[in-house]
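Enquirer: Here you go, one structure.
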Amino acid sequence: MVDESTTFSDGGAVPRVVIVDDHRLFRSGVRGELGDAVDVVGEAGDVDSAVHVIGERQPDLVLLDVHLPGGGGVEVLRRVLAQHPQIRFLALSVSDAAEDVIGVVRGGARGYVTKTISGRELADAIVRVADGDAVFSPRLAGFVLDAFSATDAPPVDPELDRLTQREREVLRHIARGYAYKEVAKELFISVKTVETHVSSVLRKLQLSNRHELSRWATARRLV
Amino acid sequence: MDTPRLTRAVGGRLLGGVAAGLARHLDLDPVVVRLALMALSVGGIGIAVYVALYFLVPAEAEPETREGEGETTGPDSRRKGRDVSQLVAYVGLAGALGVLFLLFGGVFDPLLWFVVFGTLGGIILWQQANPSQRDEWMTTTVGRSAPKGIMRAGAGVLLVVVGVIGFLVFQEQLQNARAGLTFAFTVLAGIGLIVAPWIVGLVRERDQERRERIRNAERAELAAHIHDSVLHTLTLIQRRADDPREVQRLARVQERALRSWLYQRPADADTTVSPALERVAAEVEEEHGIPIEVVCVGDCPMDDALAAMLRAAREAMVNASKYAGTESISVFGEVEQEEVLVFVRDRGTGFDMDDIPEDRMGVRGSILGRMERHGGSARIRTGPGEGTEVQLRMPRIPDL
């Protein structure tokens, strides 16, 4: 899935990051925790300034809060991706609500982590997403499994509306708290293959038109 | 309580409950009211009054019937339905009276009609003037009952107007009164024009106030909640600032509480697997202070075997909290068609299964044994330095 000339995982350059969150305290906290692992080139506290700062600084990755004044993270995704489709987004939230999580991922974020994540794990996730991979937290994996398993109606497009057995296995292990490396070891596949599976799930999640996804999210409202 | 409101009786009624209701309202024996109505019916007025009252007066609320009418309506109250024999007697009596009047009396003075109309309208209007009703038709938000109230008020006004004008006509006073009436109407219209904006303003203000009140109530509830939980926890945290473990525990407990309040998790945690699993995790976390991350896919009702499985899962979480020396524990529950799976995983020290003495009840009795007794199975994957994963598997009893 690496389609960039530069990759960050091999320890060369560090990704340039913009942090978008409406809590200044949290922004400086993240900045401090990430330390040298990334190069924070900008910060923003609401939708309009986020779109402006991102357009100006052209970062590799945006750390995006789901709840933002002015339309939420989804609005930032919509406006930025329309002009700069190459910029990657990693959603970061305290929210447990399924519709928030599924919402930003379907809006174009390549990963979702909760704010309780440790600094080291966050830096890992940033590098991974900046490299073009997808990052699923256990909770997101759980949401996705739930969304795709509630198949009452026949799928409209089987290619997009169903997960393969292998993809389900990978997601299950992530939901159980396994890191990609551990999943790979467990399933006797390479880390690269795990990443491929996760990216493919992400693509299905973003492209599937199954309205069950949204209906399911509204129906559950919680988790 | 003074006079009961004018309602149509449901218990103790003979026909439409008008007479019984009227009797209760006027504190009379229903027989008196019925006889009076019947006497009026001879000229046709009684029937008109009865029908009008039937449509205009709201039926009483059910539960009130039972207690209130015992003394006022006597034996009638004991049955909810109508007493046909009494009804027949009244109708017969009315018929006889009618015949008598047709033979000897001629028609009533039409004057009486208008007096009746006027009185009826007045009664209705006074009825409407009670505060709760007024409230109802002044608020625009109530909607459903408002048009009915307005209709009723309109009918009352109409009856009074018809009564007054009719009375004047038949007294041959209308000509004399016309000038005065015109004057009165003009003045009324003028006053109406002047006062209308003010009244509209008042109504708006009232709505505004009501909305404000609701908002304040919500804010007060939120404030109370924040005060009871969050502020309390923050105080505790400040007091225990030197004990990072305790601070973390407090923060986690509060976070959980706030989350469940915000996202409204079902309060009844014991009926299905998913909330039950989260509750178990929350309890263990509170006891031992190690964060437990729960992810659950699917859900199904609890049964005995699943309850046993949750107890086993709890034991696994407790073990991980106590012995693994880890910073966090992952719990994953999955409800499938045929079985329920629960995984409890930590990245801690792990242990060697062979090193556990036979008499240690924790793993063997509480986890392995318990699962097997209820028809499930448990697997423990561990090794020194590799962390531990307890895998629990319980077949589902098919849904009926």
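As shown in the structure tokens, the chain order sets the letters A, B, ...; within each chain, residues go from 1, and ligands are also counted from 1 in the order they appear.
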Within 10 Å of B:Trp126, counting only C-alpha atoms, which residues show up once you throw out same-chain ones fewer than 5 positions away? Write them as a PyMOL selection string, please.

Expert: chain B and resi 120-121+153+156

Enquirer: Mind checking which residues fall within 10 Å of stretch 69-76 of chain A, counting only C-alpha atoms, ignoring those fewer than 3 positions away in the same chain, and posting them as a ChimeraX atom specification?

Expert: /A:20-22,45-52,54,63-66,79-82,89,91-93,100,103-109

Enquirer: Could you please take those selected residues and save C-alpha atoms as a compact mmCIF listing (two decimals), in the first residue's frame?

Expert:
```txt
# COMPACT_ATOMS: atom_id res chain seq x y z
CA VAL A 20 -6.83 19.81 14.90
CA ASP A 21 -8.63 19.79 18.24
CA ASP A 22 -10.74 22.37 20.00
CA GLY A 45 -9.16 24.69 16.97
CA ASP A 46 -12.15 24.81 14.62
CA VAL A 47 -13.23 23.80 11.15
CA ASP A 48 -12.46 27.02 9.28
CA SER A 49 -9.01 27.59 10.72
CA ALA A 50 -8.25 23.88 10.24
CA VAL A 51 -9.04 24.04 6.54
CA HIS A 52 -6.95 27.18 6.26
CA ILE A 54 -3.96 22.51 6.37
CA LEU A 63 -4.63 14.47 13.55
CA LEU A 64 -8.33 15.20 13.54
CA ASP A 65 -10.71 15.50 16.46
CA VAL A 66 -14.17 14.17 15.66
CA ARG A 79 -13.41 20.39 2.46
CA VAL A 80 -9.76 19.42 2.60
CA LEU A 81 -9.99 16.18 0.64
CA ALA A 82 -11.85 17.94 -2.15
CA PHE A 89 -6.23 11.88 8.24
CA ALA A 91 -9.22 10.56 13.63
CA LEU A 92 -8.77 11.00 17.34
CA SER A 93 -11.68 11.16 19.72
CA ASP A 100 -19.04 9.29 15.14
CA GLY A 103 -18.81 8.78 10.24
CA VAL A 104 -15.22 10.03 10.11
CA VAL A 105 -13.90 6.82 8.61
CA ARG A 106 -16.48 6.96 5.86
CA GLY A 107 -15.62 10.64 5.51
CA GLY A 108 -12.09 9.65 4.53
CA ALA A 109 -10.04 9.22 7.69
```

Enquirer: Determine which residues of chain A sit within 7 Å of chain B, taking into account only C-alpha atoms, and present them as a short mmCIF file (atom, residue, chain, number, x, y, z; two decimals) with C-alpha atoms, in the first residue's frame.

Expert:
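And here is the file that came out, result.cif:
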```cif
data_model
loop_
_atom_site.label_atom_id
_atom_site.label_comp_id
_atom_site.auth_asym_id
_atom_site.auth_seq_id
_atom_site.Cartn_x
_atom_site.Cartn_y
_atom_site.Cartn_z
CA PRO A 138 -9.82 -2.48 18.84
CA ARG A 139 -13.00 -0.51 19.19
CA GLY A 142 -15.45 -4.10 16.82
CA LEU A 145 -17.36 -6.35 12.56
CA ASP A 146 -20.70 -5.42 14.02
CA ALA A 175 -10.52 -6.27 18.42
CA ARG A 176 -8.92 -8.73 20.85
CA GLY A 177 -6.11 -6.24 21.35
CA LEU A 222 -24.04 3.48 21.75
#
```

Enquirer: Quick one: pull the distance between atom CA of B:Ala241 and atom CA of A:Arg31, Å, one decimal.

Expert: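 The value is 24.0 Å.
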
Enquirer: So how many Å separate atom CA of B:Arg213 and atom CA of B:Val195, to one decimal?

Expert: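 Here the two named atoms are 26.6 Å from each other.
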